[in-house]
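**Student:** Below you'll find the structure I mean.
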Amino acid sequence: MFGSGVLRGMLVTLRHFVETYTEDPRRVKARAATPNAVRQTPNDARGLFTVQYPEEKLAIPERFRFYPMLIVDGTTGQDWCTSCGICAKVCPPQCIWIVRGTQPNGKPKPEPEEFYLDTTICMQCGYCAEFCPFDAIKMNHDYELSAYERHESAIYNKEMLSVTTTFYARTHPRAWAEESAVRAEKEARDKAKAAPATPAPAPVAAAPAPGPAPTGAASTRP
Amino acid sequence: MAAVIDPLIHTSPAPSLDQAFPDVVSIDAGGATVVQADRLLEVSRYLRDQMGYTYLANMTAVDYPDHLEAVYHLYPMKVIGNEPSQGLIIKAHATDKDDPVIPSVTSVWPGANFQEREVYDMYGIRFAGHPYLRRVLMWDGFEGWPLRKDYHEAYYEGDTKPFASRWPGGHHVRAEERARFARNVAYPRHWDPAKATSPDESLPVVDVSELNTIHTQKFVINMGPQHPSTHGVFRMQVTLDGETVVDVMPVIGYLHRNHEKIGERNMWLQNMPFTDRLDYFCSMGNNTGYALAVEKLMGVEPPERAEYIRVIMQEFTRVQNHLFGLGQFLSDLGAFFTPILYAIENRELILDLFEMTSGSRMMCNYMRFGGVAYDLPPEFMPLAHELAFERLPREIDELEEYLTANEILHSRTIGVGVLPAEAAIGLSISGPLLRASGVKYDIRRHQPYGIYDRFDFEIPTRPNGDLYDRYLIRVAEVRQSIRILQQAFNSLPDGPILAGRKAWQIRVPKGEAYGRVENPKGETGFFVVSDGTANPYRYHVRAPSFVNIQALREMSIGFKIADIVANLGSIDIVLGELDR
Amino acid sequence: MADAPGNGQNGNSSQSYELRLMTEEEFMAEDAAPPGILVTTFSKLLDAVNPAYNWGRRYSMWPMQFGLACCAIEFISQAASRYDFDRFGWGLTRASPRQADVMIVSGTVTKKMLPQIVRLYNQMAEPKYVISMGCCANGGGPFKEGYNVVSGIDQFLPVDVYIPGCPPTPQAFLHGLMKLQEKVDAERVQDVAWYRRGQTEEIPVPILGPDLIDPRQVPELQVALKAAEAERKAADEAAKLAAAAALAPALAALAAGQAQAGQAQGPAPTTGAETLPSGKPKPISGKVAKAMRERGLTPGVDPIPADLLPPGAGQGD
Ligand code: SF4
């Protein structure tokens with residue numbers, strides 16, 4: 001019959017419409033419990049699909065990358081960055097500027113004097129974090145960065161980029177656990193090799209228990 | 001109604017090129033055939049008519065210190081002998097850099113039209129006999145040939161990255177403060193900016209010659225670059241006779257982001273995130289294409305698991321691209337917003353998978369030379385499994401349920417925008433568009449890359465080449481992709497994901513390579529030339545949208561103005577790679 | 001109406017709106033109102049209207065349907081069902097600038113596209129806002145170094161909110177959207193620009209010449225070009241002198257018949273292996289290469305004969 005195709009299509013949309021009323025109430029509770037880690041799984045995502053943004057937010061997977069951040073040791077206040085310059089060199093749009101520090105004796109200091117990142121150029125590819133040999137630069141999860149102005153604030157300096165290890169361990173629990181393990185192992189190896197005179201790197205800050213990642217994994221749906 | 005053309009039909013071999021043209025061709029160090037420029041047309045005809053190289057996949061140029069070289073990548077649509085042919089590279093040289101001339105091959109392969117215009121635009125090579133040799137990406141009146149090695153932009157800082165100013169004494173300087181204007185920009189002598197005018201954008205004169213017989217006038221309307229149905233900053237000049245389309249001329253370049261110029265300055269690895277921004281729906285596919293080209297030169301092979309992950313990512317990309325493409329196509333037909341909203345829901349779920357694996361929804365930057373960047377996270381598998389085995393098959397059934405039998409869709413699409421098979425091959429069309437015209441050609445099958453030869457899937461083809469077929473072909477391809485995904489999930493091995501160590505300073509052996517992948521939109525090819533340094537000497541992208549858009553004219557002439565928008569939607573262009 | 005003069009409620013555009021102290025008389029006039037009569041200024045009255053006025057505006061913004069690049073796809077994503085900016089009353093995207101309130105510059109602004117963008121902006125009716133979405137629109141983004149890319153739309157249009165990111169995720173966009181709502185909320189009817197005459201000026205549409213030309217910068221450009229011309233002239237002359245000096249010994253050598261032209265030694269930089277800062281050999285122009293080949297020399301390997309050197313060689317850019 002002519003028109004049956006159109007009618008069938010309308011039935012489908014009608015079904016979707018009804019689902020928004022039948023499916024949604026089932027998950028109200030779960031959503032209210034964890035408004036900041038909504039994660040829709042394929043079979044659950046029926047009915048109303050909307051994440052009510054400022055009130056609830058989608059869970060951020062751990063690997064999510066926005067702008068980079070510099071890791072500062074939470075206990076000693078020491079930069080992990082040694083200003084080796086690899087991030088500045090590997091950066092595809094070349095948005096990182098580093099001033100290497102000098103010690104009083106004229107030798108380069110393993111710490112950056114200045115660290116600039118032009119956020120109007122950065123393309124968030126994550127190479128800096130991927131290739132930093134000291135785990136000193138990582139990708140931040142903070143995406144709520146809109147501003148009224150860019151000429152003063154869009155160039156991040158060292159201060160704006162720095163976060164503590166605790167912060168990093170909180171946002172990237174899995175990576176933190178893995179990297180800590182690697183560092184501990186390396187440290188142990190170094191110690192075994194040269195028992196006297198160890199230039200031991202600063203001990204790592206307390207790592208949280210590598211339990212299930214709070215973001216990303218769990219579905220909040222029943 | 002054209003029959004299905006299967007390229008695996010054999011024809012008898014013809015005498016090879018150096019037998020037929022002994023003194024015209026020579027083989028260069030890389031194994032490519034160099035043809036004397038003045039005999040190029042003759043050789044091209046022979047290649048097409050006698051040897052079966054009917055498909056000009058890619059055409060570009062390279063700027064060497066003492067000459068300009070035009071490069072043509074040809075593939076047969078019919079297989080000669082028993083082996084699937086590996087294609088043929090021919091080259092022609094233009095030694096006079098001040099006035100380089102090479103004959104145009106548009107009369108042999110019409111698909112060379114836009115690609116030759118691009119080469120003219122970027123290198124200044126004049127193609128003798130080209131029907132419409134004008135700048136295509138830049139505007140008329142622009143000074144200079146941007147891709148020549150001696151061309152420097154206003155913000156030029158150095159020939160190669162990394163730039164010296166970043167480290168160890170890096171002080172942030174905004175490029176526009178360093179070079180306000182006039183630096184490196186070639187202004188003609190004695191030219192006065194106060195008297196400058198924009199290029200003549202006036203439209204062709206109204207044709208009134210037929211006024212005595214028919215009481216309609218042809219007139220030209222301009223659609224875009226800001227138009228809701230042009231999928232971005234695409235513009236076309238449409239000549240109409242009443243409501244009937246007489247001519248269509250695409251005007252592009254509004255998103256020309258100098259991808260290739262920047263790519264030749266980048267280090268090899270640095271190009272990877274830039275390829276994300278070509279076809280920004282399919283960054284996984286672009287990554288793979290570029291990785292393939294460079295891996296060919298480096299001679300590395302990704303480990304087993306990485307190959308599987310690549311296939312999974314590419315097929316997910318295909319699914320989400322086709323869903324979104326169909327949604328947009330249907331909104332162009334007037335099916336406002338239901339299909340696209342439903343499609344985006346599924347796309348979002350796929351993007352979630354990309355995000356948790358690679359870190360970004362769209363700009364994945366996931367492939368590396370010899371593998372992939374990260375392993376799949378633990379939560380990936382359950383979600384992906386659910387998606388590939390349950391949700392996507394269900395959703396695609398639902399899409400068919402509410403659309404395929406829809407009478408309005410039928411009346412808008414059946415028999416509209418027909419592209420015959422011969423025209424499609426001639427115009428170098430690729431991807432679903434080609435298969436909807438009845439040509440059974442899919443790079444995954446005919447030139448398998450990665451591990452695609454291990455999967456059991458079909459190449460859907462449709463005989464008619466109209467809008468409805470293009471709709472159906474995409475639905476069918478989504479189904480095939482789901483099939484591949486399911487097979488890949490069932491046999492995904494454990495193991496390393498990267499051959500060798502992670503490295504950022506990559507030196508690539510001297511040579512050139514062309515890596516082509518079957519992206520959702522068609523053949524995405526990366527042509528790279530290495531001179532053995534840390535930066536590519538030449539980096540060219542063969543973008544499917546850029547070539548496929550040439551079909552718009554062929555499809556639209558004779559149909560109504562409302563069908564143009566639908567035709568454009570059915571080509572499924574994306575401006576990021578159309579203009580690069 | 002016990003209204004202090006000078007508050008500009010009459011729409012008199014000649015009056016300025018700076019903050020200043022009230023004069024003695026005004027102060028007295030306010031104070032001297034008879035008891036029992038509520039006295040207020042017109043401006044204060046309007047303050048009561050402001051919340052409703054801004055509430056209405058911030059929840060009924062109509063964005064222009066206009067996408068430039070990758071960021072536009074994220075814009076579409078957030079307009080679709082998962083993020084749904086219709087919840088903020090922004091869902092009515094309009095294809096015509098005449099009906100739009102906010103322009104979202106979502107993507108790379110190229111020189112070729114810029115005149116159209118400026119024209120569209122000029123066609124929008126006040127009040128109009130501009131959101132710059134993504135690094136590209138903010139400051140050129142990863143493509144900034146390119147020859148066809150504008151380093152930030154704010155060089156041409158007044159931008160209200162910058163959303164960083166490449167691309168900003170849909171939620172980042174919504175955050176920017178709310179920022180703009182806050183901005184709208186802070187506006188006061190009394191001092192918004194669009195109720196006054198002569199307040200908004202049209203932005204001149206850039207010209208596509210040999211390069212993009214901003215009409216506002218033409219005088220500056222003229223000066224720069226003049227300076228460049230003078231420099232070039234001086235360089236030309238110096239090169240001519242140098243070439244003449246270089247030619248003299250070569251001619252002498254030729255006359256002596258002892259050497260090929262290519263071996264001429266002179267003070268001028270006659271080497272063909274001249275390098276660019278990167279260490280790559282500088283390309284030799286086609287004409288020179290051709291002439292060299294005619295003489296049996298290999299371009300790029302053999303030194304360039306002095307008489308083939310282009311004038312000004314070795315002078316740099
Ligand atoms: S900011 Fe990034 S995502 Fe947005 S248009 Fe530019 S390159 Fe594309």
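For the structure tokens, the naming scheme is as follows: chains receive sequential letters (A, B, ...) according to their order of presentation, residues are indexed from 1 within each chain, and ligands are indexed from 1 in presentation order.
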Considering only C-alpha atoms and all ligand atoms, tabulate each residue of chain C that lies at most 7 Å from ligand 1 along with its nearest interatomic pair and the corresponding distance in Å to one decimal; arrange the rows by chain and ascending residue number and present them as CSV.

**Tutor:**
residue,atom,partner,partner_atom_place_in_ligand_line,distance
C:Ala69,CA,ligand 1,5 (S),4.7
C:Cys70,CA,ligand 1,8 (Fe),4.0
C:Cys71,CA,ligand 1,4 (Fe),4.0
C:Ser106,CA,ligand 1,5 (S),6.4
C:Gly107,CA,ligand 1,5 (S),3.3
C:Thr108,CA,ligand 1,5 (S),4.7
C:Gly134,CA,ligand 1,1 (S),4.0
C:Cys135,CA,ligand 1,1 (S),4.0
C:Cys136,CA,ligand 1,6 (Fe),4.1
C:Ala137,CA,ligand 1,1 (S),6.7
C:Gly141,CA,ligand 1,1 (S),5.7
C:Pro142,CA,ligand 1,7 (S),6.2
C:Gly165,CA,ligand 1,1 (S),6.2
C:Cys166,CA,ligand 1,2 (Fe),3.5
C:Pro167,CA,ligand 1,3 (S),3.6

**Student:** Hey, what's within 8 Å of segment 217-225 of chain C if we count only C-alpha atoms and toss same-chain stuff fewer than 2 positions away? As a PyMOL selection string, please?

**Tutor:** (chain B and resi 181-182+192-194) or (chain C and resi 213-215+227-229)

**Student:** Export, as a compact mmCIF listing (two decimals), in the first residue's frame, the selected residues with C-alpha atoms.

**Tutor:**
# COMPACT_ATOMS: atom_id res chain seq x y z
CA PHE B 181 52.88 41.85 7.71
CA ALA B 182 54.88 42.20 4.56
CA ASP B 192 49.50 49.98 -4.11
CA PRO B 193 47.46 48.36 -1.35
CA ALA B 194 45.07 51.28 -1.31
CA ILE C 213 44.81 42.97 3.06
CA ASP C 214 43.06 44.50 6.00
CA PRO C 215 41.81 47.87 4.78
CA ALA C 227 60.75 50.63 3.06
CA ALA C 228 61.00 47.20 1.50
CA GLU C 229 61.22 48.74 -1.96

**Student:** Please report as a ChimeraX atom specification which residues of chain A come no farther than 9 Å from chain B, using only C-alpha atoms.

**Tutor:** /A:2-13,40-43,45,49,60-66,83-85,88-101,114-118,123-127,130-131,155,216-218

**Student:** Enter the distance from atom CA of Leu376 of chain B to atom CA of Glu178 of chain A, in Å, rounded to one decimal.

**Tutor:** 15.1 Å

**Student:** Using only C-alpha atoms, which residues sit within 12 Å of Ala72 of chain C once same-chain residues fewer than 5 positions away are excluded, as a ChimeraX atom specification?

**Tutor:** /B:231-233,280-281,362,574-576 /C:64-67,77-79,104-108,132-134,136-137,166-170,173

**Student:** I need the residues of segment 99-254 of chain B that end up classed as helix (DSSP H, G or I) by DSSP on the backbone, written out as a PyMOL selection string.

**Tutor:** chain B and resi 112-123+164-166+175-178+193-195

**Student:** Residues of chain A within 7 Å of chain C, counting only C-alpha atoms, what are they? List them as a ChimeraX atom specification.

**Tutor:** /A:49-51,53,66,93,120-124,143-149

**Student:** Dump all heavy atoms for the selected residues as a compact mmCIF listing (two decimals), in the first residue's frame?

**Tutor:**
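again31.txt, written as the output of this step:
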# COMPACT_ATOMS: atom_id res chain seq x y z
N PHE A 49 18.62 10.45 25.77
CA PHE A 49 20.05 10.19 25.66
C PHE A 49 20.85 11.34 26.28
O PHE A 49 22.05 11.29 26.41
CB PHE A 49 20.38 10.05 24.17
CG PHE A 49 21.72 9.49 23.86
CD1 PHE A 49 22.11 8.26 24.33
CD2 PHE A 49 22.60 10.20 23.06
CE1 PHE A 49 23.34 7.74 24.01
CE2 PHE A 49 23.84 9.69 22.73
CZ PHE A 49 24.21 8.45 23.22
N THR A 50 20.13 12.40 26.65
CA THR A 50 20.82 13.64 26.98
C THR A 50 21.51 13.58 28.33
O THR A 50 20.95 13.07 29.30
CB THR A 50 19.81 14.79 26.99
OG1 THR A 50 19.06 14.72 25.80
CG2 THR A 50 20.49 16.12 27.08
N VAL A 51 22.71 14.12 28.35
CA VAL A 51 23.42 14.34 29.60
C VAL A 51 23.15 15.78 29.99
O VAL A 51 23.43 16.69 29.22
CB VAL A 51 24.92 14.10 29.40
CG1 VAL A 51 25.68 14.40 30.66
CG2 VAL A 51 25.18 12.69 28.95
N TYR A 53 24.13 18.70 30.97
CA TYR A 53 25.48 19.11 31.26
C TYR A 53 25.74 19.86 32.56
O TYR A 53 26.22 19.23 33.44
CB TYR A 53 26.18 19.78 30.09
CG TYR A 53 27.46 20.48 30.50
CD1 TYR A 53 28.53 19.74 30.98
CD2 TYR A 53 27.58 21.86 30.46
CE1 TYR A 53 29.69 20.36 31.40
CE2 TYR A 53 28.73 22.47 30.88
CZ TYR A 53 29.78 21.72 31.35
OH TYR A 53 30.91 22.34 31.75
N PHE A 66 43.39 16.91 27.25
CA PHE A 66 43.12 18.30 26.87
C PHE A 66 44.46 19.00 26.90
O PHE A 66 45.39 18.51 26.30
CB PHE A 66 42.05 18.90 27.78
CG PHE A 66 41.09 19.76 27.02
CD1 PHE A 66 40.29 19.22 26.04
CD2 PHE A 66 41.01 21.12 27.25
CE1 PHE A 66 39.43 20.02 25.30
CE2 PHE A 66 40.15 21.92 26.52
CZ PHE A 66 39.37 21.37 25.55
N PRO A 93 52.86 21.41 16.44
CA PRO A 93 52.76 22.82 16.05
C PRO A 93 53.74 23.71 16.79
O PRO A 93 53.66 24.92 16.67
CB PRO A 93 51.32 23.16 16.40
CG PRO A 93 50.95 22.25 17.49
CD PRO A 93 51.83 21.05 17.44
N THR A 120 46.69 28.68 22.27
CA THR A 120 45.99 28.93 21.01
C THR A 120 46.66 28.21 19.86
O THR A 120 46.22 28.32 18.73
CB THR A 120 45.94 30.43 20.69
OG1 THR A 120 47.28 30.89 20.56
CG2 THR A 120 45.23 31.20 21.75
N ILE A 121 47.74 27.52 20.13
CA ILE A 121 48.39 26.76 19.06
C ILE A 121 48.30 25.26 19.34
O ILE A 121 48.19 24.46 18.43
CB ILE A 121 49.88 27.19 18.93
CG1 ILE A 121 49.96 28.66 18.57
CG2 ILE A 121 50.57 26.37 17.88
CD1 ILE A 121 51.37 29.17 18.45
N CYS A 122 48.34 24.91 20.60
CA CYS A 122 48.38 23.50 21.01
C CYS A 122 47.26 22.70 20.34
O CYS A 122 46.12 23.13 20.31
CB CYS A 122 48.23 23.41 22.52
SG CYS A 122 48.10 21.74 23.13
N MET A 123 47.60 21.54 19.80
CA MET A 123 46.59 20.71 19.16
C MET A 123 46.28 19.47 19.97
O MET A 123 45.60 18.56 19.50
CB MET A 123 46.99 20.35 17.75
CG MET A 123 48.14 19.38 17.64
SD MET A 123 49.00 19.45 16.06
CE MET A 123 47.79 18.88 14.92
N GLN A 124 46.77 19.39 21.18
CA GLN A 124 46.40 18.32 22.10
C GLN A 124 46.64 16.94 21.54
O GLN A 124 45.84 16.04 21.71
CB GLN A 124 44.93 18.48 22.50
CG GLN A 124 44.70 19.78 23.20
CD GLN A 124 43.29 20.24 23.10
OE1 GLN A 124 42.44 19.60 22.52
NE2 GLN A 124 43.03 21.38 23.67
N TYR A 143 38.59 20.62 30.97
CA TYR A 143 38.21 21.21 29.68
C TYR A 143 37.38 22.47 29.84
O TYR A 143 37.05 23.11 28.87
CB TYR A 143 37.46 20.19 28.83
CG TYR A 143 36.26 19.57 29.52
CD1 TYR A 143 35.07 20.24 29.55
CD2 TYR A 143 36.34 18.32 30.13
CE1 TYR A 143 33.97 19.69 30.18
CE2 TYR A 143 35.25 17.77 30.76
CZ TYR A 143 34.07 18.47 30.79
OH TYR A 143 32.98 17.93 31.42
N GLU A 144 37.05 22.83 31.04
CA GLU A 144 36.17 24.00 31.21
C GLU A 144 37.03 25.25 31.33
O GLU A 144 37.26 25.77 32.41
CB GLU A 144 35.29 23.80 32.44
CG GLU A 144 34.33 22.65 32.21
CD GLU A 144 33.56 22.27 33.44
OE1 GLU A 144 34.10 22.44 34.54
OE2 GLU A 144 32.44 21.80 33.30
N LEU A 145 37.52 25.70 30.21
CA LEU A 145 38.54 26.74 30.23
C LEU A 145 38.12 27.99 29.47
O LEU A 145 38.94 28.86 29.23
CB LEU A 145 39.83 26.20 29.59
CG LEU A 145 40.47 25.01 30.29
CD1 LEU A 145 41.54 24.41 29.43
CD2 LEU A 145 41.07 25.45 31.61
N SER A 146 36.87 28.09 29.10
CA SER A 146 36.46 29.23 28.29
C SER A 146 36.75 30.53 29.01
O SER A 146 36.69 30.60 30.23
CB SER A 146 34.96 29.16 28.01
OG SER A 146 34.64 27.93 27.48
N ALA A 147 37.11 31.54 28.25
CA ALA A 147 37.48 32.81 28.85
C ALA A 147 36.96 33.94 27.98
O ALA A 147 36.60 33.75 26.83
CB ALA A 147 38.99 32.89 28.98
N TYR A 148 36.95 35.12 28.58
CA TYR A 148 36.48 36.28 27.84
C TYR A 148 37.60 36.94 27.05
O TYR A 148 37.40 37.89 26.33
CB TYR A 148 35.89 37.32 28.80
CG TYR A 148 34.65 36.82 29.50
CD1 TYR A 148 34.53 36.88 30.87
CD2 TYR A 148 33.61 36.28 28.76
CE1 TYR A 148 33.40 36.41 31.50
CE2 TYR A 148 32.48 35.81 29.39
CZ TYR A 148 32.38 35.87 30.75
OH TYR A 148 31.27 35.39 31.36
N GLU A 149 38.78 36.43 27.23
CA GLU A 149 39.93 37.18 26.73
C GLU A 149 41.02 36.18 26.49
O GLU A 149 41.08 35.14 27.14
CB GLU A 149 40.20 38.17 27.83
CG GLU A 149 41.38 39.03 27.95
CD GLU A 149 42.69 38.33 27.96
OE1 GLU A 149 42.87 37.25 28.56
OE2 GLU A 149 43.54 38.87 27.31

**Student:** Need the shell around Val238 of chain B: protein/DNA/RNA residues with any atom at most 7 Å away, counting only C-alpha atoms. Skip same-chain ones fewer than 5 positions apart. Format as a VMD selection string?

**Tutor:** chain B and resid 220 to 222 245 247 to 249

**Student:** In Å, how far is it from atom CA of Glu523 of chain B to atom CA of Ser430 of chain B?

**Tutor:**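 So the answer is 5.7 Å.
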
**Student:** As a list in words, could you give me every residue of chain C near chain B (at most 6 Å apart, counting only C-alpha atoms)?

**Tutor:**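 Those within range of chain B come out as Gly67, Leu68, Cys70, Ala80, Ala95, Lys112, Met113, Glu145, Gly146, Tyr147, Ile207, Leu208, Gly209, Pro210, Ser278, Pro283 and Gly286 of chain C.
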
**Student:** Let me see the file: selected residues, C-alpha atoms, as a CSV table (one decimal), in the first residue's frame.

**Tutor:**
chain,number,residue,atom,x,y,z
C,67,GLY,CA,30.6,25.8,10.4
C,68,LEU,CA,34.1,26.1,9.3
C,70,CYS,CA,36.6,20.2,12.5
C,80,ALA,CA,22.4,16.7,18.9
C,95,ALA,CA,21.0,29.9,8.2
C,112,LYS,CA,40.0,33.0,1.5
C,113,MET,CA,37.0,32.6,3.8
C,145,GLU,CA,52.2,29.1,10.4
C,146,GLY,CA,50.4,28.4,7.1
C,147,TYR,CA,50.1,30.9,4.3
C,207,ILE,CA,40.6,42.4,0.4
C,208,LEU,CA,42.2,39.4,-1.3
C,209,GLY,CA,45.1,40.8,-3.2
C,210,PRO,CA,48.5,39.2,-3.5
C,278,SER,CA,68.6,24.3,7.4
C,283,PRO,CA,67.5,25.5,-5.1
C,286,GLY,CA,65.6,26.5,-13.8

**Student:** Looking only at the backbone, which of the residues in segment 357-450 of chain B does DSSP tag as strand (DSSP E), as a VMD selection string?

**Tutor:** chain B and resid 367 to 368 371 to 372

**Student:** Fewer than 4 positions away in the same chain doesn't count, so skip those; otherwise give me all residues within 6 Å of Val102 of chain C, counting only C-alpha atoms, as a count of residues only.

**Tutor:** 4

**Student:** With a distance cut-off of 9 Å and only C-alpha atoms, select the neighbouring residues of Asp531 of chain B, excluding the residue or stretch itself and same-chain residues fewer than 4 positions from it, and output the selection as a PyMOL selection string.

**Tutor:** chain B and resi 508-512+535-538

**Student:** Would you save the residues of that selection, restricted to N, CA, C and O atoms, as a PDB file, in the first residue's frame?

**Tutor:**
ATOM      1  N   VAL B 508      63.777   8.151   8.013  1.00  0.00           N
ATOM      2  CA  VAL B 508      63.145   7.259   7.058  1.00  0.00           C
ATOM      3  C   VAL B 508      64.083   7.116   5.879  1.00  0.00           C
ATOM      4  O   VAL B 508      64.587   8.114   5.375  1.00  0.00           O
ATOM      5  N   PRO B 509      64.352   5.892   5.459  1.00  0.00           N
ATOM      6  CA  PRO B 509      65.283   5.710   4.335  1.00  0.00           C
ATOM      7  C   PRO B 509      64.819   6.442   3.082  1.00  0.00           C
ATOM      8  O   PRO B 509      63.616   6.658   2.877  1.00  0.00           O
ATOM      9  N   LYS B 510      65.780   6.794   2.273  1.00  0.00           N
ATOM     10  CA  LYS B 510      65.506   7.496   1.027  1.00  0.00           C
ATOM     11  C   LYS B 510      64.524   6.708   0.173  1.00  0.00           C
ATOM     12  O   LYS B 510      64.595   5.486   0.122  1.00  0.00           O
ATOM     13  N   GLY B 511      63.672   7.418  -0.510  1.00  0.00           N
ATOM     14  CA  GLY B 511      62.771   6.717  -1.414  1.00  0.00           C
ATOM     15  C   GLY B 511      61.414   7.390  -1.420  1.00  0.00           C
ATOM     16  O   GLY B 511      61.219   8.429  -0.789  1.00  0.00           O
ATOM     17  N   GLU B 512      60.487   6.814  -2.147  1.00  0.00           N
ATOM     18  CA  GLU B 512      59.141   7.353  -2.136  1.00  0.00           C
ATOM     19  C   GLU B 512      58.137   6.222  -2.058  1.00  0.00           C
ATOM     20  O   GLU B 512      58.401   5.096  -2.487  1.00  0.00           O
ATOM     21  N   ASN B 535      62.773  14.871   8.101  1.00  0.00           N
ATOM     22  CA  ASN B 535      61.550  15.494   7.621  1.00  0.00           C
ATOM     23  C   ASN B 535      61.223  14.977   6.236  1.00  0.00           C
ATOM     24  O   ASN B 535      62.123  14.710   5.454  1.00  0.00           O
ATOM     25  N   PRO B 536      59.966  14.843   5.928  1.00  0.00           N
ATOM     26  CA  PRO B 536      59.644  14.412   4.568  1.00  0.00           C
ATOM     27  C   PRO B 536      60.033  15.477   3.554  1.00  0.00           C
ATOM     28  O   PRO B 536      59.879  16.675   3.824  1.00  0.00           O
ATOM     29  N   TYR B 537      60.519  15.028   2.417  1.00  0.00           N
ATOM     30  CA  TYR B 537      60.841  16.005   1.367  1.00  0.00           C
ATOM     31  C   TYR B 537      59.557  16.424   0.656  1.00  0.00           C
ATOM     32  O   TYR B 537      59.373  17.580   0.313  1.00  0.00           O
ATOM     33  N   ARG B 538      58.686  15.469   0.463  1.00  0.00           N
ATOM     34  CA  ARG B 538      57.395  15.775  -0.133  1.00  0.00           C
ATOM     35  C   ARG B 538      56.354  14.960   0.602  1.00  0.00           C
ATOM     36  O   ARG B 538      56.575  13.784   0.920  1.00  0.00           O
TER      37      ARG B 538
END

**Student:** If we count only C-alpha atoms, what is near Asp185 of chain C at a cut-off of 10 Å, once residues fewer than 2 positions away on the same chain are taken out, given as a ChimeraX atom specification?

**Tutor:** /C:50-58,179-183,187-188

**Student:** Those residues you just picked out, can you put them in a file as a PDB file, in the first residue's frame with C-alpha atoms?

**Tutor:**
ATOM      1  CA  ASN C  50      17.317  44.223  33.527  1.00  0.00           C
ATOM      2  CA  PRO C  51      16.923  40.748  35.014  1.00  0.00           C
ATOM      3  CA  ALA C  52      13.900  39.975  32.894  1.00  0.00           C
ATOM      4  CA  TYR C  53      15.457  41.549  29.821  1.00  0.00           C
ATOM      5  CA  ASN C  54      18.620  39.512  30.150  1.00  0.00           C
ATOM      6  CA  TRP C  55      16.845  36.358  31.152  1.00  0.00           C
ATOM      7  CA  GLY C  56      14.863  36.491  27.961  1.00  0.00           C
ATOM      8  CA  ARG C  57      17.883  37.153  25.861  1.00  0.00           C
ATOM      9  CA  ARG C  58      20.202  34.604  27.306  1.00  0.00           C
ATOM     10  CA  LYS C 179      30.069  31.910  29.941  1.00  0.00           C
ATOM     11  CA  LEU C 180      28.379  33.936  27.261  1.00  0.00           C
ATOM     12  CA  GLN C 181      25.116  33.706  29.151  1.00  0.00           C
ATOM     13  CA  GLU C 182      26.875  35.116  32.179  1.00  0.00           C
ATOM     14  CA  LYS C 183      28.179  37.930  30.091  1.00  0.00           C
ATOM     15  CA  GLU C 187      24.667  43.750  30.714  1.00  0.00           C
ATOM     16  CA  ARG C 188      22.440  46.673  31.576  1.00  0.00           C
TER      17      ARG C 188
END
